[in-house]
Amino acid sequence: MNESMTNLAVSPHVPPWFAFWANPIAQRCRRARLRGRHIAVYGLLGLAVIGFVFLVAYLLPVYQFDRPHAFAARSAIIPMLVIQGIALMGMGTMALATGIARERDRDLLDYQRMTPMGPTAKILGYLFGLPAREYFLFGITVPFVLYAVWVGELPLLKVCKYYVVFFSAVWCYHLTGLCAGMVSRKPWQSAVISVGLVVVLYLVLPQLSYVGLWVFEYLTVYPTFFTLLAEELNDGDRVLVSGRLIQMYEDVRFFNAAVDPLWFSLALQGGLILTLFTVVRRKWIDAGRHAFSKPFGLGFVLAVHVLVVGTLWSALRDGSILTRIGRAMGDLPAQATMGWLLGLYVVVSASAVLLTTFLITPGQHGARRGYRRARKNGRASVPMAWDAAPALRWVFGLVALSVVGYAVLVALARQNPDLFRGPLEWGWVGSPILILALMALLFHGLAERCKPRVLLLAAFGLWVFPIMVGVIAAIVLREELAVLYLGAPSPLIAGVLSLVGLTYHTGLPSPTWDDGFERDVLSHVPTVITLFVGVAAVVTLFVQVNRVRWMARWRAEEAERLPDAGV
Amino acid sequence: MASDTGAPADGGPMIRTADVRVDYDDVTAVRGLSFEVARGEVFGLIGPNGSGKTSTIRVLATLLEPTYGEVFVGGFDTATHAAEARAVLGYMPDLAPVHDDLTCFEFLDQFAGAYGLPRRDRRRRVEECLELVDLTAKRNAMAGTLSRGMTQRLVLAKTLLHRPAVMLLDEPASGLDPLARADLRDLLRRLAGEGVTVLISSHILTELSGFCTSVGIMEQGEMKHCGRIEELSAHADGTRQVVVELLEPAEAFVGQLDEIDQVSRALAVDHTATLTFAGDEAEVVALLRSLVEQGMPVRGFYERRRDIEDLMRESGAKEVS
């Protein structure tokens, strides 16, 4: 090795986050993924396939069905949009997930972590760099789309608006891929997770629109496409998109307002982008950080509740919407549909609360480390917003949000004389939310006191195992009620029964109930729920007391070990 | 606080740790680690596999938060001023990964950009670093096609790009051929001469002997010995190791040597006897005279200072090559 060290001073010209053109990570990804040979191969293959698809879609109506060129051009735009979606949403998301997972797996991220670029610049570098090849494929489709827009005489403004939502959705999915890549252990795992997440976001969650939660459909480009472009594609009696689909996506009913689907999509996707970006940024700064800070977790759950309540609000106020949902559910009467919607709220609310509880609760070692850090900074205890702080107060906050949302929906339903009968029975109305609260508190206690594996085992043992025992007992004893009673400690059994009970006791008599239902099942429900509440309350109390005593014990150990630090 | 050059303003140590502990769940990788490294030192962190060297280096590199303890790099507390500490750090991890799909130049160029080197100086600095590690000929080769040793050198070049004041090198010589190791030693000596503080870890003694100015020997997460080589090589009990080379097998003379008052132990291996001798330098000279006068066939006679290997052996460390 020759030595030619000079005393050249390094002046910091670190690229800021907005300087995409100078972002070294994006440049590096572009260099690696878009070399001349890549451009030649992907360019030729992409051009051939995309050109073929476009020409078939364009020429077929003209030469086989004597359609005008404008109509043919409009029909040819649809496959282009599909190809763009596959390239950026599917392949692009996978490229991000596998790319970042590979860098993490090989410790290459450590190099980047140590450079003085800001975390936002680094994340944006990967976000726009890793899918470089997919952006290139997208670029190949652009001339075809422009030709179709020109010949098809589509309004340019509407096309531009569509692409605003399209890219918003793309970055949503790309950040999902980045998140998956940063948490999974191997690149192939991240590919599977990211594809799974895209399928869930794009195909599974929108299905909830049929049962009342149409909010998730706005994470896709469907509503924008159908409200902005679909009508433009039809030409009198020459129909490319069914009118029924177009009508499905009229203005979004949110609380009492009718919101433009474009703005609703942008707001929803923007919220998800912010959430995912926050997670990636926190993990980037320190892989040991929680995905959510405690205040962010509270804000996230608040946003989820506002979305769900705002969506269900219109359904509970508007009989026609309720009827439509009931029809989609197999001709349920309105009062049963109401019970279903409240149940849906409880399920979504419980999912958000449990997920957030898991994300904001410190593990054993994290709690001790945070306490040590706090003492070093001259504090007597860990500030409540720190990752390492006990999460109990925050979990109470999350549960309170659930209770408020539930109370709002029940109050709303009470205003509709067709939905509630007689006086409010607090036992039935309150049991679903009481079950949710006990679940959250027990889950928190276990998450903070136990290691992740023990938490998983305890959750399985308390919530799933009783059902399995109940099923076996029911088979052996030929007694179906064994499932209810032996499975009572599980919130899955108690939760479903509480919602069934709520629907039955608060709703009007329904022909859908089986004749023997009340005698065989419903009469046992109060006992089963009481059994759950009793068992869950005792276990939760035990776990929480144990947690507090354990914390006191290790804090005493730490206090002995640590210098006074001025506390 | 540190000065603009990355050195602590008070001229204190460039690396300082106090009571550092690193836990991975129930496993304690490092415990009670306290040591200092002054500016311009080449500090060898030695220990068998699993002794906590890599965890220590990752803590110093701000990539791992210690469970307890304080860490200062370049005068910056890594817990509160990680960004400032990183600015003075150059880190080369064990197994030094590279981006396989980039050329050597592109690999270095991206980090030159990320470290904020001005565009006009970037190319020159990258070429300089390639030359420093003798990879100029491989400038346009894909990093994925390099041999293990070349890859190590490429990552070393990356570490040098921003002229760090503190370099943390985790097993940098693994995979290097003997010539490249000698070059690495020369380069590190040169950098230390320019005031760069180098902390280098290895479990292979021969990699570090001869150019470290101070060492720390780790065993099961604890620092068994730490200090400057010359301080450590002096025996704590004041005895000396005197080696006597004889023309005949030494075994025959062991009894005779044991009878000398100041010799507490005599070990014979082939034609060599190693004596544990209590006395000053003048008495060592007197010992030689006495052996010759007794008619022993002395062919060689010298005092052996304790080296790193002796320290390792005394600390009970295993798995040393």
# chains A, B, ... in the order shown; residues from 1 in each chain; ligands from 1
>>> closest_atom_pairs(of="chain B", to="chain A", cutoff="8 Å", atoms="only C-alpha atoms", output="JSON lines")
{"residue": "B:Asp25", "atom": "CA", "partner": "A:His365", "partner_atom": "CA", "distance": 6.7}
{"residue": "B:Leu63", "atom": "CA", "partner": "A:Asp110", "partner_atom": "CA", "distance": 7.3}
{"residue": "B:Thr67", "atom": "CA", "partner": "A:Arg369", "partner_atom": "CA", "distance": 5.5}
{"residue": "B:Tyr68", "atom": "CA", "partner": "A:Arg372", "partner_atom": "CA", "distance": 6.8}
{"residue": "B:Ala83", "atom": "CA", "partner": "A:Pro116", "partner_atom": "CA", "distance": 6.9}
{"residue": "B:Arg86", "atom": "CA", "partner": "A:Met114", "partner_atom": "CA", "distance": 5.8}
{"residue": "B:Ala87", "atom": "CA", "partner": "A:Pro116", "partner_atom": "CA", "distance": 6.6}
{"residue": "B:Tyr91", "atom": "CA", "partner": "A:Tyr111", "partner_atom": "CA", "distance": 7.9}
{"residue": "B:Pro97", "atom": "CA", "partner": "A:Leu108", "partner_atom": "CA", "distance": 6.4}
{"residue": "B:Val98", "atom": "CA", "partner": "A:Leu108", "partner_atom": "CA", "distance": 7.0}
{"residue": "B:His99", "atom": "CA", "partner": "A:Leu108", "partner_atom": "CA", "distance": 7.7}
{"residue": "B:Asp101", "atom": "CA", "partner": "A:Ala32", "partner_atom": "CA", "distance": 5.5}
{"residue": "B:Leu102", "atom": "CA", "partner": "A:Ala32", "partner_atom": "CA", "distance": 5.8}
{"residue": "B:Glu106", "atom": "CA", "partner": "A:Arg28", "partner_atom": "CA", "distance": 7.4}
{"residue": "B:Phe107", "atom": "CA", "partner": "A:Arg28", "partner_atom": "CA", "distance": 7.9}
{"residue": "B:Gln110", "atom": "CA", "partner": "A:Pro24", "partner_atom": "CA", "distance": 5.2}
{"residue": "B:Phe111", "atom": "CA", "partner": "A:Pro24", "partner_atom": "CA", "distance": 7.4}
{"residue": "B:Gly113", "atom": "CA", "partner": "A:Pro24", "partner_atom": "CA", "distance": 5.7}
{"residue": "B:Ala114", "atom": "CA", "partner": "A:Pro24", "partner_atom": "CA", "distance": 5.8}
{"residue": "B:Tyr115", "atom": "CA", "partner": "A:Thr115", "partner_atom": "CA", "distance": 5.5}
{"residue": "B:Gly116", "atom": "CA", "partner": "A:Val14", "partner_atom": "CA", "distance": 3.9}
{"residue": "B:Leu117", "atom": "CA", "partner": "A:Val10", "partner_atom": "CA", "distance": 5.8}
{"residue": "B:Pro118", "atom": "CA", "partner": "A:His13", "partner_atom": "CA", "distance": 5.7}
{"residue": "B:Glu128", "atom": "CA", "partner": "A:Ser4", "partner_atom": "CA", "distance": 6.9}
{"residue": "B:Glu131", "atom": "CA", "partner": "A:Asn2", "partner_atom": "CA", "distance": 6.3}
{"residue": "B:Leu132", "atom": "CA", "partner": "A:Asn2", "partner_atom": "CA", "distance": 5.1}
{"residue": "B:Val133", "atom": "CA", "partner": "A:Met1", "partner_atom": "CA", "distance": 5.1}
{"residue": "B:Asp134", "atom": "CA", "partner": "A:Met1", "partner_atom": "CA", "distance": 4.7}
{"residue": "B:His162", "atom": "CA", "partner": "A:Val10", "partner_atom": "CA", "distance": 6.3}
{"residue": "B:Arg163", "atom": "CA", "partner": "A:Val10", "partner_atom": "CA", "distance": 7.5}
{"residue": "B:Ala180", "atom": "CA", "partner": "A:Met1", "partner_atom": "CA", "distance": 7.7}
{"residue": "B:Asp183", "atom": "CA", "partner": "A:Met1", "partner_atom": "CA", "distance": 5.6}
{"residue": "B:Leu184", "atom": "CA", "partner": "A:Met1", "partner_atom": "CA", "distance": 7.7}
{"residue": "B:Leu187", "atom": "CA", "partner": "A:Glu3", "partner_atom": "CA", "distance": 7.0}
>>> write_last_selection(atoms="N, CA and C atoms", output="tab-separated table (two decimals), in the first residue's frame")
chain	number	residue	atom	x	y	z
B	25	ASP	N	-30.47	-9.73	26.23
B	25	ASP	CA	-31.44	-10.45	27.06
B	25	ASP	C	-30.73	-11.00	28.30
B	63	LEU	N	-23.33	2.02	17.49
B	63	LEU	CA	-24.31	1.15	16.84
B	63	LEU	C	-25.03	0.26	17.84
B	67	THR	N	-26.03	-1.36	28.06
B	67	THR	CA	-27.05	-1.46	29.12
B	67	THR	C	-26.74	-0.45	30.22
B	68	TYR	N	-25.51	-0.39	30.60
B	68	TYR	CA	-25.05	0.60	31.58
B	68	TYR	C	-23.78	1.23	31.06
B	83	ALA	N	-24.32	11.76	16.99
B	83	ALA	CA	-24.01	12.28	15.65
B	83	ALA	C	-22.62	12.89	15.62
B	86	ARG	N	-20.07	10.15	15.76
B	86	ARG	CA	-19.96	9.44	14.48
B	86	ARG	C	-19.12	10.22	13.47
B	87	ALA	N	-19.18	11.53	13.59
B	87	ALA	CA	-18.45	12.36	12.62
B	87	ALA	C	-16.94	12.16	12.74
B	91	TYR	N	-15.41	3.26	11.02
B	91	TYR	CA	-15.71	1.93	11.56
B	91	TYR	C	-15.62	0.88	10.47
B	97	PRO	N	-18.72	-6.19	4.93
B	97	PRO	CA	-19.54	-6.37	3.73
B	97	PRO	C	-19.40	-5.20	2.75
B	98	VAL	N	-19.67	-5.48	1.49
B	98	VAL	CA	-19.68	-4.42	0.46
B	98	VAL	C	-20.91	-4.59	-0.42
B	99	HIS	N	-21.22	-3.57	-1.18
B	99	HIS	CA	-22.31	-3.69	-2.16
B	99	HIS	C	-21.75	-4.40	-3.39
B	101	ASP	N	-22.98	-5.14	-6.15
B	101	ASP	CA	-23.38	-4.69	-7.48
B	101	ASP	C	-22.81	-3.32	-7.86
B	102	LEU	N	-21.78	-2.89	-7.12
B	102	LEU	CA	-21.12	-1.62	-7.45
B	102	LEU	C	-19.66	-1.87	-7.76
B	106	GLU	N	-17.41	3.21	-7.39
B	106	GLU	CA	-18.78	3.61	-7.05
B	106	GLU	C	-19.07	3.39	-5.57
B	107	PHE	N	-18.53	2.28	-5.05
B	107	PHE	CA	-18.75	1.97	-3.63
B	107	PHE	C	-18.19	3.10	-2.76
B	110	GLN	N	-20.10	6.65	-3.25
B	110	GLN	CA	-21.37	6.88	-2.54
B	110	GLN	C	-21.11	7.32	-1.10
B	111	PHE	N	-20.09	6.74	-0.46
B	111	PHE	CA	-19.82	7.13	0.93
B	111	PHE	C	-19.13	8.48	1.00
B	113	GLY	N	-19.89	10.87	-0.88
B	113	GLY	CA	-21.04	11.77	-0.95
B	113	GLY	C	-21.80	11.81	0.36
B	114	ALA	N	-21.99	10.63	0.94
B	114	ALA	CA	-22.76	10.56	2.19
B	114	ALA	C	-22.04	11.26	3.34
B	115	TYR	N	-20.70	11.26	3.29
B	115	TYR	CA	-19.94	11.95	4.34
B	115	TYR	C	-19.78	13.44	4.05
B	116	GLY	N	-20.33	13.88	2.94
B	116	GLY	CA	-20.35	15.31	2.66
B	116	GLY	C	-19.05	15.85	2.10
B	117	LEU	N	-18.28	15.01	1.43
B	117	LEU	CA	-17.08	15.56	0.78
B	117	LEU	C	-17.51	16.43	-0.40
B	118	PRO	N	-16.92	17.58	-0.56
B	118	PRO	CA	-17.32	18.44	-1.67
B	118	PRO	C	-17.13	17.72	-3.00
B	128	GLU	N	-7.36	8.61	-4.00
B	128	GLU	CA	-6.31	8.55	-2.98
B	128	GLU	C	-6.48	7.34	-2.08
B	131	GLU	N	-5.67	4.16	-3.69
B	131	GLU	CA	-4.22	4.00	-3.78
B	131	GLU	C	-3.65	3.59	-2.42
B	132	LEU	N	-4.18	4.18	-1.37
B	132	LEU	CA	-3.70	3.86	-0.02
B	132	LEU	C	-3.80	2.38	0.28
B	133	VAL	N	-4.88	1.75	-0.22
B	133	VAL	CA	-5.07	0.33	0.07
B	133	VAL	C	-4.66	-0.54	-1.11
B	134	ASP	N	-3.98	0.08	-2.07
B	134	ASP	CA	-3.43	-0.64	-3.20
B	134	ASP	C	-4.50	-1.30	-4.06
B	162	HIS	N	-13.28	9.89	5.08
B	162	HIS	CA	-13.58	11.19	5.69
B	162	HIS	C	-12.54	11.59	6.73
B	163	ARG	N	-11.40	10.93	6.68
B	163	ARG	CA	-10.28	11.23	7.58
B	163	ARG	C	-10.72	11.23	9.03
B	180	ALA	N	-0.05	-8.13	2.63
B	180	ALA	CA	-1.07	-7.11	2.87
B	180	ALA	C	-1.16	-6.78	4.35
B	183	ASP	N	1.51	-4.40	5.06
B	183	ASP	CA	1.11	-3.08	4.55
B	183	ASP	C	0.10	-2.42	5.48
B	184	LEU	N	-0.84	-3.24	6.00
B	184	LEU	CA	-1.84	-2.70	6.93
B	184	LEU	C	-1.16	-2.16	8.17
B	187	LEU	N	0.45	1.11	7.37
B	187	LEU	CA	-0.55	2.17	7.21
B	187	LEU	C	-1.06	2.64	8.57
>>> residues_around(residues="range 538-551 of chain A", least_positions_apart="5", cutoff="7 Å", atoms="only C-alpha atoms", output="JSON, numbers by chain")
{"A": [441, 442, 445, 446, 449]}
>>> residues_around(residues="Phe105 in chain B", least_positions_apart="3", cutoff="6 Å", atoms="only C-alpha atoms", output="mmCIF file with C-alpha atoms, in the first residue's frame")
data_model
loop_
_atom_site.group_PDB
_atom_site.id
_atom_site.type_symbol
_atom_site.label_atom_id
_atom_site.label_comp_id
_atom_site.auth_asym_id
_atom_site.auth_seq_id
_atom_site.Cartn_x
_atom_site.Cartn_y
_atom_site.Cartn_z
ATOM 1 C CA LEU B 108 -16.365 4.583 -2.277
ATOM 2 C CA ASP B 109 -17.982 7.444 -4.178
ATOM 3 C CA ARG B 139 -10.977 0.673 -9.534
#
>>> select_by_dssp(residues="range 23-124 of chain B", states="strand (DSSP E)", output="PyMOL selection string")
chain B and resi 23-24+27-37+42-46+68-73+76-77+89-92
>>> residues_around(residues="range 491-493 of chain A", least_positions_apart="2", cutoff="12 Å", atoms="only C-alpha atoms", output="JSON, numbers by chain")
{"A": [346, 347, 350, 431, 432, 433, 434, 435, 436, 437, 438, 439, 440, 442, 443, 459, 460, 461, 462, 463, 464, 465, 466, 467, 468, 470, 471, 481, 482, 483, 484, 485, 486, 487, 488, 489, 495, 496, 497, 498, 499, 500, 525, 528, 529, 530, 531, 532, 533, 534, 535, 536, 537]}
>>> write_last_selection(atoms="C-alpha atoms", output="PDB file, in the first residue's frame")
ATOM      1  CA  VAL A 346     -65.171  -3.349  18.916  1.00  0.00           C
ATOM      2  CA  VAL A 347     -63.045  -5.711  16.805  1.00  0.00           C
ATOM      3  CA  ALA A 350     -59.507  -3.905  20.073  1.00  0.00           C
ATOM      4  CA  SER A 431     -69.921  -6.090  28.236  1.00  0.00           C
ATOM      5  CA  PRO A 432     -68.081  -5.899  24.854  1.00  0.00           C
ATOM      6  CA  ILE A 433     -66.106  -2.858  25.923  1.00  0.00           C
ATOM      7  CA  LEU A 434     -65.432  -4.301  29.396  1.00  0.00           C
ATOM      8  CA  ILE A 435     -63.982  -7.392  27.723  1.00  0.00           C
ATOM      9  CA  LEU A 436     -61.842  -5.157  25.507  1.00  0.00           C
ATOM     10  CA  ALA A 437     -60.547  -3.207  28.524  1.00  0.00           C
ATOM     11  CA  LEU A 438     -59.643  -6.351  30.471  1.00  0.00           C
ATOM     12  CA  MET A 439     -57.902  -7.787  27.423  1.00  0.00           C
ATOM     13  CA  ALA A 440     -55.834  -4.638  26.966  1.00  0.00           C
ATOM     14  CA  LEU A 442     -53.901  -8.090  30.818  1.00  0.00           C
ATOM     15  CA  PHE A 443     -51.979  -7.870  27.554  1.00  0.00           C
ATOM     16  CA  ALA A 459     -51.702 -15.178  25.279  1.00  0.00           C
ATOM     17  CA  PHE A 460     -52.118 -18.577  23.672  1.00  0.00           C
ATOM     18  CA  GLY A 461     -52.706 -20.287  26.998  1.00  0.00           C
ATOM     19  CA  LEU A 462     -55.274 -17.761  28.176  1.00  0.00           C
ATOM     20  CA  TRP A 463     -57.031 -16.896  24.951  1.00  0.00           C
ATOM     21  CA  VAL A 464     -56.836 -19.897  22.607  1.00  0.00           C
ATOM     22  CA  PHE A 465     -56.132 -22.980  24.692  1.00  0.00           C
ATOM     23  CA  PRO A 466     -59.439 -22.818  26.675  1.00  0.00           C
ATOM     24  CA  ILE A 467     -61.364 -22.919  23.393  1.00  0.00           C
ATOM     25  CA  MET A 468     -59.410 -25.970  22.254  1.00  0.00           C
ATOM     26  CA  GLY A 470     -63.794 -26.745  25.252  1.00  0.00           C
ATOM     27  CA  VAL A 471     -64.049 -28.161  21.738  1.00  0.00           C
ATOM     28  CA  LEU A 481     -72.202 -25.931  26.010  1.00  0.00           C
ATOM     29  CA  ALA A 482     -68.823 -27.246  27.156  1.00  0.00           C
ATOM     30  CA  VAL A 483     -67.274 -24.986  24.529  1.00  0.00           C
ATOM     31  CA  LEU A 484     -68.939 -21.971  26.077  1.00  0.00           C
ATOM     32  CA  TYR A 485     -68.077 -22.746  29.674  1.00  0.00           C
ATOM     33  CA  LEU A 486     -64.573 -24.164  29.239  1.00  0.00           C
ATOM     34  CA  GLY A 487     -63.800 -21.530  26.646  1.00  0.00           C
ATOM     35  CA  ALA A 488     -65.189 -18.752  28.822  1.00  0.00           C
ATOM     36  CA  PRO A 489     -61.728 -17.495  29.944  1.00  0.00           C
ATOM     37  CA  GLY A 495     -66.460 -11.255  23.045  1.00  0.00           C
ATOM     38  CA  VAL A 496     -68.535 -12.973  20.378  1.00  0.00           C
ATOM     39  CA  LEU A 497     -71.196 -13.947  22.924  1.00  0.00           C
ATOM     40  CA  SER A 498     -71.378 -10.430  24.328  1.00  0.00           C
ATOM     41  CA  LEU A 499     -72.022  -9.062  20.834  1.00  0.00           C
ATOM     42  CA  VAL A 500     -74.617 -11.740  20.122  1.00  0.00           C
ATOM     43  CA  VAL A 525     -74.421 -16.104  27.884  1.00  0.00           C
ATOM     44  CA  VAL A 528     -70.272 -17.237  30.506  1.00  0.00           C
ATOM     45  CA  ILE A 529     -69.510 -13.517  30.346  1.00  0.00           C
ATOM     46  CA  THR A 530     -69.521 -13.227  34.134  1.00  0.00           C
ATOM     47  CA  LEU A 531     -67.147 -16.182  34.256  1.00  0.00           C
ATOM     48  CA  PHE A 532     -64.820 -14.469  31.767  1.00  0.00           C
ATOM     49  CA  VAL A 533     -64.907 -11.165  33.609  1.00  0.00           C
ATOM     50  CA  GLY A 534     -64.197 -12.917  36.914  1.00  0.00           C
ATOM     51  CA  VAL A 535     -61.292 -14.984  35.590  1.00  0.00           C
ATOM     52  CA  ALA A 536     -59.850 -12.141  33.500  1.00  0.00           C
ATOM     53  CA  ALA A 537     -60.103  -9.655  36.375  1.00  0.00           C
TER      54      ALA A 537
END
>>> residues_around(residues="Val215 in chain A", least_positions_apart="6", cutoff="10 Å", atoms="only C-alpha atoms", output="list in words")
Leu205, Pro206, Leu208, Ser209, Val252, Arg253, Phe254, Phe264, Ser265, Leu268, Leu307, Val308, Gly310, Thr311 and Leu312 of chain A
>>> write_last_selection(atoms="C-alpha atoms", output="PDB file, in the first residue's frame")
ATOM      1  CA  LEU A 205     -59.251  -4.654   3.671  1.00  0.00           C
ATOM      2  CA  PRO A 206     -61.376  -3.184   0.851  1.00  0.00           C
ATOM      3  CA  LEU A 208     -64.715  -4.681   4.609  1.00  0.00           C
ATOM      4  CA  SER A 209     -66.561  -2.052   2.592  1.00  0.00           C
ATOM      5  CA  VAL A 252     -67.655   9.590   0.939  1.00  0.00           C
ATOM      6  CA  ARG A 253     -70.115   9.738   3.831  1.00  0.00           C
ATOM      7  CA  PHE A 254     -67.962  10.695   6.807  1.00  0.00           C
ATOM      8  CA  PHE A 264     -60.528  11.427   1.294  1.00  0.00           C
ATOM      9  CA  SER A 265     -58.079   9.039  -0.406  1.00  0.00           C
ATOM     10  CA  LEU A 268     -56.188   8.527   4.403  1.00  0.00           C
ATOM     11  CA  LEU A 307     -62.059   7.028  10.994  1.00  0.00           C
ATOM     12  CA  VAL A 308     -64.153   4.085  12.137  1.00  0.00           C
ATOM     13  CA  GLY A 310     -66.919   8.658  11.221  1.00  0.00           C
ATOM     14  CA  THR A 311     -67.616   5.835   8.787  1.00  0.00           C
ATOM     15  CA  LEU A 312     -70.151   4.010  10.973  1.00  0.00           C
TER      16      LEU A 312
END
>>> residues_around(residues="range 208-224 of chain B", least_positions_apart="6", cutoff="6 Å", atoms="only C-alpha atoms", output="short mmCIF file (atom, residue, chain, number, x, y, z; two decimals) with N, CA and C atoms, in the first residue's frame")
data_model
loop_
_atom_site.label_atom_id
_atom_site.label_comp_id
_atom_site.auth_asym_id
_atom_site.auth_seq_id
_atom_site.Cartn_x
_atom_site.Cartn_y
_atom_site.Cartn_z
N ALA B 29 -22.64 -9.76 27.54
CA ALA B 29 -21.51 -9.85 26.60
C ALA B 29 -20.31 -9.07 27.11
N VAL B 30 -20.57 -7.96 27.78
CA VAL B 30 -19.49 -7.11 28.29
C VAL B 30 -19.89 -6.66 29.69
N ARG B 31 -18.94 -6.69 30.63
CA ARG B 31 -19.29 -6.22 31.98
C ARG B 31 -18.15 -5.41 32.58
N GLU B 41 -2.68 6.67 19.72
CA GLU B 41 -2.38 5.30 20.17
C GLU B 41 -2.91 4.29 19.16
N VAL B 42 -2.24 3.14 19.08
CA VAL B 42 -2.82 1.99 18.38
C VAL B 42 -3.14 0.97 19.47
N PHE B 43 -4.42 0.86 19.75
CA PHE B 43 -4.86 0.03 20.88
C PHE B 43 -5.35 -1.31 20.36
N GLY B 44 -4.72 -2.37 20.80
CA GLY B 44 -5.13 -3.70 20.37
C GLY B 44 -6.11 -4.30 21.36
N LEU B 45 -7.28 -4.64 20.86
CA LEU B 45 -8.28 -5.28 21.72
C LEU B 45 -8.21 -6.77 21.41
N ILE B 46 -7.70 -7.52 22.37
CA ILE B 46 -7.41 -8.92 22.10
C ILE B 46 -8.28 -9.80 22.98
N GLY B 47 -8.63 -10.93 22.45
CA GLY B 47 -9.40 -11.88 23.24
C GLY B 47 -9.92 -12.97 22.35
N SER B 51 -15.41 -13.12 23.44
CA SER B 51 -14.97 -12.46 24.66
C SER B 51 -15.57 -11.07 24.82
N GLY B 52 -16.30 -10.59 23.82
CA GLY B 52 -16.96 -9.29 23.94
C GLY B 52 -16.31 -8.18 23.13
#
